[in-house]
Amino acid sequence: MNEETVLADVSGMLARLLEDEYGVDDAEIGMETSFNRDLELESIDLVTLAGLLQERYGERVNFAEFLAGMEFEEIIELTVGRLVEYVVLGLKAAEEG
């Protein structure tokens, strides 16, 4: 999988989450989109996103582990692009492993 495919997957997950939880159905989501500043997601939303990522990618992508390795400020500034890069690397590592 490449960044474009993963971005489409993650954007779809986020759009579904925003619509289900907040009734927002017109959010523009790209690589530079910030989870906190742009999408205004709360920590419970990140838990929901972790579940969606688990459903889609299985054990190859561990969002909780990804976040656990970050400082608080890094989590606050987390962008969709950084998550997409992490997912792509995780999937490649699983293929090679």
# chains A, B, ... in the order shown; residues from 1 in each chain; ligands from 1
$ residues_around --residues "A:Ser43" --least-positions-apart "4" --cutoff "12 Å" --atoms "only C-alpha atoms" --output "ChimeraX atom specification"
/A:35-36,47-50,64,67,72,75-76
$ closest_residue --among "A:Glu28, A:Met13, A:Arg37, A:Val84" --to "A:Gly51" --atoms "only C-alpha atoms"
A:Met13
$ residues_around --residues "A:Tyr86" --least-positions-apart "5" --cutoff "9 Å" --atoms "only C-alpha atoms" --output "PyMOL selection string"
chain A and resi 61+63+66+81+91
$ decode --residues "stretch 37-84 of chain A" --atoms "N, CA and C atoms" --output "PDB file, in the first residue's frame"
ATOM      1  N   ARG A  37      -6.055  20.531  16.192  1.00  0.00           N
ATOM      2  CA  ARG A  37      -6.373  21.887  15.761  1.00  0.00           C
ATOM      3  C   ARG A  37      -7.446  21.923  14.678  1.00  0.00           C
ATOM      4  N   ASP A  38      -7.309  21.093  13.643  1.00  0.00           N
ATOM      5  CA  ASP A  38      -8.223  21.137  12.504  1.00  0.00           C
ATOM      6  C   ASP A  38      -9.502  20.327  12.725  1.00  0.00           C
ATOM      7  N   LEU A  39      -9.343  19.095  13.210  1.00  0.00           N
ATOM      8  CA  LEU A  39     -10.500  18.214  13.370  1.00  0.00           C
ATOM      9  C   LEU A  39     -11.116  18.297  14.769  1.00  0.00           C
ATOM     10  N   GLU A  40     -10.367  18.886  15.707  1.00  0.00           N
ATOM     11  CA  GLU A  40     -10.829  19.054  17.084  1.00  0.00           C
ATOM     12  C   GLU A  40     -11.241  17.727  17.728  1.00  0.00           C
ATOM     13  N   LEU A  41     -10.452  16.686  17.451  1.00  0.00           N
ATOM     14  CA  LEU A  41     -10.738  15.381  18.035  1.00  0.00           C
ATOM     15  C   LEU A  41     -10.307  15.350  19.495  1.00  0.00           C
ATOM     16  N   GLU A  42     -11.034  14.604  20.287  1.00  0.00           N
ATOM     17  CA  GLU A  42     -10.711  14.418  21.694  1.00  0.00           C
ATOM     18  C   GLU A  42     -10.047  13.061  21.863  1.00  0.00           C
ATOM     19  N   SER A  43      -9.515  12.808  23.044  1.00  0.00           N
ATOM     20  CA  SER A  43      -8.793  11.557  23.266  1.00  0.00           C
ATOM     21  C   SER A  43      -9.674  10.334  23.022  1.00  0.00           C
ATOM     22  N   ILE A  44     -10.946  10.402  23.358  1.00  0.00           N
ATOM     23  CA  ILE A  44     -11.841   9.255  23.117  1.00  0.00           C
ATOM     24  C   ILE A  44     -11.980   8.996  21.620  1.00  0.00           C
ATOM     25  N   ASP A  45     -11.895  10.054  20.816  1.00  0.00           N
ATOM     26  CA  ASP A  45     -11.960   9.885  19.367  1.00  0.00           C
ATOM     27  C   ASP A  45     -10.733   9.145  18.840  1.00  0.00           C
ATOM     28  N   LEU A  46      -9.590   9.370  19.485  1.00  0.00           N
ATOM     29  CA  LEU A  46      -8.381   8.655  19.085  1.00  0.00           C
ATOM     30  C   LEU A  46      -8.493   7.174  19.429  1.00  0.00           C
ATOM     31  N   VAL A  47      -9.180   6.864  20.516  1.00  0.00           N
ATOM     32  CA  VAL A  47      -9.434   5.465  20.874  1.00  0.00           C
ATOM     33  C   VAL A  47     -10.322   4.816  19.809  1.00  0.00           C
ATOM     34  N   THR A  48     -11.353   5.545  19.384  1.00  0.00           N
ATOM     35  CA  THR A  48     -12.237   5.048  18.323  1.00  0.00           C
ATOM     36  C   THR A  48     -11.444   4.840  17.037  1.00  0.00           C
ATOM     37  N   LEU A  49     -10.593   5.811  16.698  1.00  0.00           N
ATOM     38  CA  LEU A  49      -9.768   5.694  15.500  1.00  0.00           C
ATOM     39  C   LEU A  49      -8.846   4.481  15.601  1.00  0.00           C
ATOM     40  N   ALA A  50      -8.288   4.240  16.772  1.00  0.00           N
ATOM     41  CA  ALA A  50      -7.424   3.071  16.967  1.00  0.00           C
ATOM     42  C   ALA A  50      -8.187   1.793  16.646  1.00  0.00           C
ATOM     43  N   GLY A  51      -9.441   1.719  17.074  1.00  0.00           N
ATOM     44  CA  GLY A  51     -10.270   0.551  16.773  1.00  0.00           C
ATOM     45  C   GLY A  51     -10.530   0.399  15.287  1.00  0.00           C
ATOM     46  N   LEU A  52     -10.773   1.509  14.599  1.00  0.00           N
ATOM     47  CA  LEU A  52     -11.005   1.466  13.155  1.00  0.00           C
ATOM     48  C   LEU A  52      -9.748   1.022  12.413  1.00  0.00           C
ATOM     49  N   LEU A  53      -8.604   1.529  12.850  1.00  0.00           N
ATOM     50  CA  LEU A  53      -7.333   1.123  12.241  1.00  0.00           C
ATOM     51  C   LEU A  53      -7.082  -0.365  12.468  1.00  0.00           C
ATOM     52  N   GLN A  54      -7.404  -0.853  13.658  1.00  0.00           N
ATOM     53  CA  GLN A  54      -7.241  -2.275  13.990  1.00  0.00           C
ATOM     54  C   GLN A  54      -8.124  -3.139  13.088  1.00  0.00           C
ATOM     55  N   GLU A  55      -9.378  -2.700  12.904  1.00  0.00           N
ATOM     56  CA  GLU A  55     -10.289  -3.438  12.028  1.00  0.00           C
ATOM     57  C   GLU A  55      -9.750  -3.523  10.607  1.00  0.00           C
ATOM     58  N   ARG A  56      -9.206  -2.430  10.119  1.00  0.00           N
ATOM     59  CA  ARG A  56      -8.755  -2.354   8.728  1.00  0.00           C
ATOM     60  C   ARG A  56      -7.423  -3.060   8.503  1.00  0.00           C
ATOM     61  N   TYR A  57      -6.466  -2.834   9.416  1.00  0.00           N
ATOM     62  CA  TYR A  57      -5.099  -3.311   9.180  1.00  0.00           C
ATOM     63  C   TYR A  57      -4.645  -4.419  10.116  1.00  0.00           C
ATOM     64  N   GLY A  58      -5.425  -4.741  11.118  1.00  0.00           N
ATOM     65  CA  GLY A  58      -5.059  -5.800  12.045  1.00  0.00           C
ATOM     66  C   GLY A  58      -3.860  -5.422  12.898  1.00  0.00           C
ATOM     67  N   GLU A  59      -3.100  -6.409  13.289  1.00  0.00           N
ATOM     68  CA  GLU A  59      -1.965  -6.216  14.190  1.00  0.00           C
ATOM     69  C   GLU A  59      -0.794  -5.492  13.532  1.00  0.00           C
ATOM     70  N   ARG A  60      -0.857  -5.330  12.219  1.00  0.00           N
ATOM     71  CA  ARG A  60       0.250  -4.677  11.512  1.00  0.00           C
ATOM     72  C   ARG A  60       0.382  -3.205  11.879  1.00  0.00           C
ATOM     73  N   VAL A  61      -0.704  -2.620  12.382  1.00  0.00           N
ATOM     74  CA  VAL A  61      -0.702  -1.206  12.748  1.00  0.00           C
ATOM     75  C   VAL A  61      -1.232  -1.078  14.177  1.00  0.00           C
ATOM     76  N   ASN A  62      -0.368  -0.610  15.077  1.00  0.00           N
ATOM     77  CA  ASN A  62      -0.749  -0.457  16.479  1.00  0.00           C
ATOM     78  C   ASN A  62      -0.723   1.032  16.826  1.00  0.00           C
ATOM     79  N   PHE A  63      -1.867   1.677  16.694  1.00  0.00           N
ATOM     80  CA  PHE A  63      -1.981   3.119  16.917  1.00  0.00           C
ATOM     81  C   PHE A  63      -1.657   3.495  18.359  1.00  0.00           C
ATOM     82  N   ALA A  64      -2.095   2.686  19.309  1.00  0.00           N
ATOM     83  CA  ALA A  64      -1.817   2.969  20.724  1.00  0.00           C
ATOM     84  C   ALA A  64      -0.313   2.967  20.980  1.00  0.00           C
ATOM     85  N   GLU A  65       0.385   2.008  20.407  1.00  0.00           N
ATOM     86  CA  GLU A  65       1.840   1.930  20.559  1.00  0.00           C
ATOM     87  C   GLU A  65       2.506   3.143  19.902  1.00  0.00           C
ATOM     88  N   PHE A  66       1.998   3.538  18.746  1.00  0.00           N
ATOM     89  CA  PHE A  66       2.495   4.711  18.029  1.00  0.00           C
ATOM     90  C   PHE A  66       2.381   5.954  18.918  1.00  0.00           C
ATOM     91  N   LEU A  67       1.224   6.153  19.524  1.00  0.00           N
ATOM     92  CA  LEU A  67       1.012   7.318  20.392  1.00  0.00           C
ATOM     93  C   LEU A  67       1.839   7.227  21.672  1.00  0.00           C
ATOM     94  N   ALA A  68       2.011   6.017  22.188  1.00  0.00           N
ATOM     95  CA  ALA A  68       2.740   5.832  23.443  1.00  0.00           C
ATOM     96  C   ALA A  68       4.191   6.291  23.330  1.00  0.00           C
ATOM     97  N   GLY A  69       4.723   6.248  22.128  1.00  0.00           N
ATOM     98  CA  GLY A  69       6.106   6.673  21.917  1.00  0.00           C
ATOM     99  C   GLY A  69       6.272   8.172  21.747  1.00  0.00           C
ATOM    100  N   MET A  70       5.198   8.933  21.907  1.00  0.00           N
ATOM    101  CA  MET A  70       5.242  10.382  21.686  1.00  0.00           C
ATOM    102  C   MET A  70       5.126  11.164  22.986  1.00  0.00           C
ATOM    103  N   GLU A  71       5.688  12.357  22.950  1.00  0.00           N
ATOM    104  CA  GLU A  71       5.481  13.324  24.028  1.00  0.00           C
ATOM    105  C   GLU A  71       4.097  13.940  23.846  1.00  0.00           C
ATOM    106  N   PHE A  72       3.554  14.545  24.905  1.00  0.00           N
ATOM    107  CA  PHE A  72       2.229  15.146  24.858  1.00  0.00           C
ATOM    108  C   PHE A  72       2.110  16.165  23.728  1.00  0.00           C
ATOM    109  N   GLU A  73       3.102  17.026  23.582  1.00  0.00           N
ATOM    110  CA  GLU A  73       3.059  18.062  22.534  1.00  0.00           C
ATOM    111  C   GLU A  73       3.024  17.443  21.135  1.00  0.00           C
ATOM    112  N   GLU A  74       3.724  16.336  20.947  1.00  0.00           N
ATOM    113  CA  GLU A  74       3.706  15.653  19.657  1.00  0.00           C
ATOM    114  C   GLU A  74       2.307  15.126  19.335  1.00  0.00           C
ATOM    115  N   ILE A  75       1.629  14.615  20.345  1.00  0.00           N
ATOM    116  CA  ILE A  75       0.267  14.114  20.148  1.00  0.00           C
ATOM    117  C   ILE A  75      -0.663  15.269  19.796  1.00  0.00           C
ATOM    118  N   ILE A  76      -0.506  16.394  20.475  1.00  0.00           N
ATOM    119  CA  ILE A  76      -1.333  17.569  20.206  1.00  0.00           C
ATOM    120  C   ILE A  76      -1.130  18.044  18.761  1.00  0.00           C
ATOM    121  N   GLU A  77       0.092  17.952  18.255  1.00  0.00           N
ATOM    122  CA  GLU A  77       0.411  18.439  16.908  1.00  0.00           C
ATOM    123  C   GLU A  77       0.303  17.350  15.835  1.00  0.00           C
ATOM    124  N   LEU A  78      -0.138  16.162  16.206  1.00  0.00           N
ATOM    125  CA  LEU A  78      -0.194  15.034  15.271  1.00  0.00           C
ATOM    126  C   LEU A  78      -1.041  15.366  14.043  1.00  0.00           C
ATOM    127  N   THR A  79      -0.485  15.045  12.878  1.00  0.00           N
ATOM    128  CA  THR A  79      -1.202  15.268  11.624  1.00  0.00           C
ATOM    129  C   THR A  79      -1.601  13.940  11.002  1.00  0.00           C
ATOM    130  N   VAL A  80      -2.548  14.016  10.105  1.00  0.00           N
ATOM    131  CA  VAL A  80      -2.973  12.836   9.348  1.00  0.00           C
ATOM    132  C   VAL A  80      -1.778  12.274   8.584  1.00  0.00           C
ATOM    133  N   GLY A  81      -0.958  13.149   8.026  1.00  0.00           N
ATOM    134  CA  GLY A  81       0.213  12.706   7.262  1.00  0.00           C
ATOM    135  C   GLY A  81       1.165  11.865   8.077  1.00  0.00           C
ATOM    136  N   ARG A  82       1.402  12.252   9.315  1.00  0.00           N
ATOM    137  CA  ARG A  82       2.304  11.473  10.171  1.00  0.00           C
ATOM    138  C   ARG A  82       1.721  10.096  10.450  1.00  0.00           C
ATOM    139  N   LEU A  83       0.411  10.028  10.655  1.00  0.00           N
ATOM    140  CA  LEU A  83      -0.236   8.734  10.862  1.00  0.00           C
ATOM    141  C   LEU A  83      -0.150   7.892   9.591  1.00  0.00           C
ATOM    142  N   VAL A  84      -0.401   8.508   8.450  1.00  0.00           N
ATOM    143  CA  VAL A  84      -0.338   7.787   7.173  1.00  0.00           C
ATOM    144  C   VAL A  84       1.060   7.203   6.973  1.00  0.00           C
TER     145      VAL A  84
END
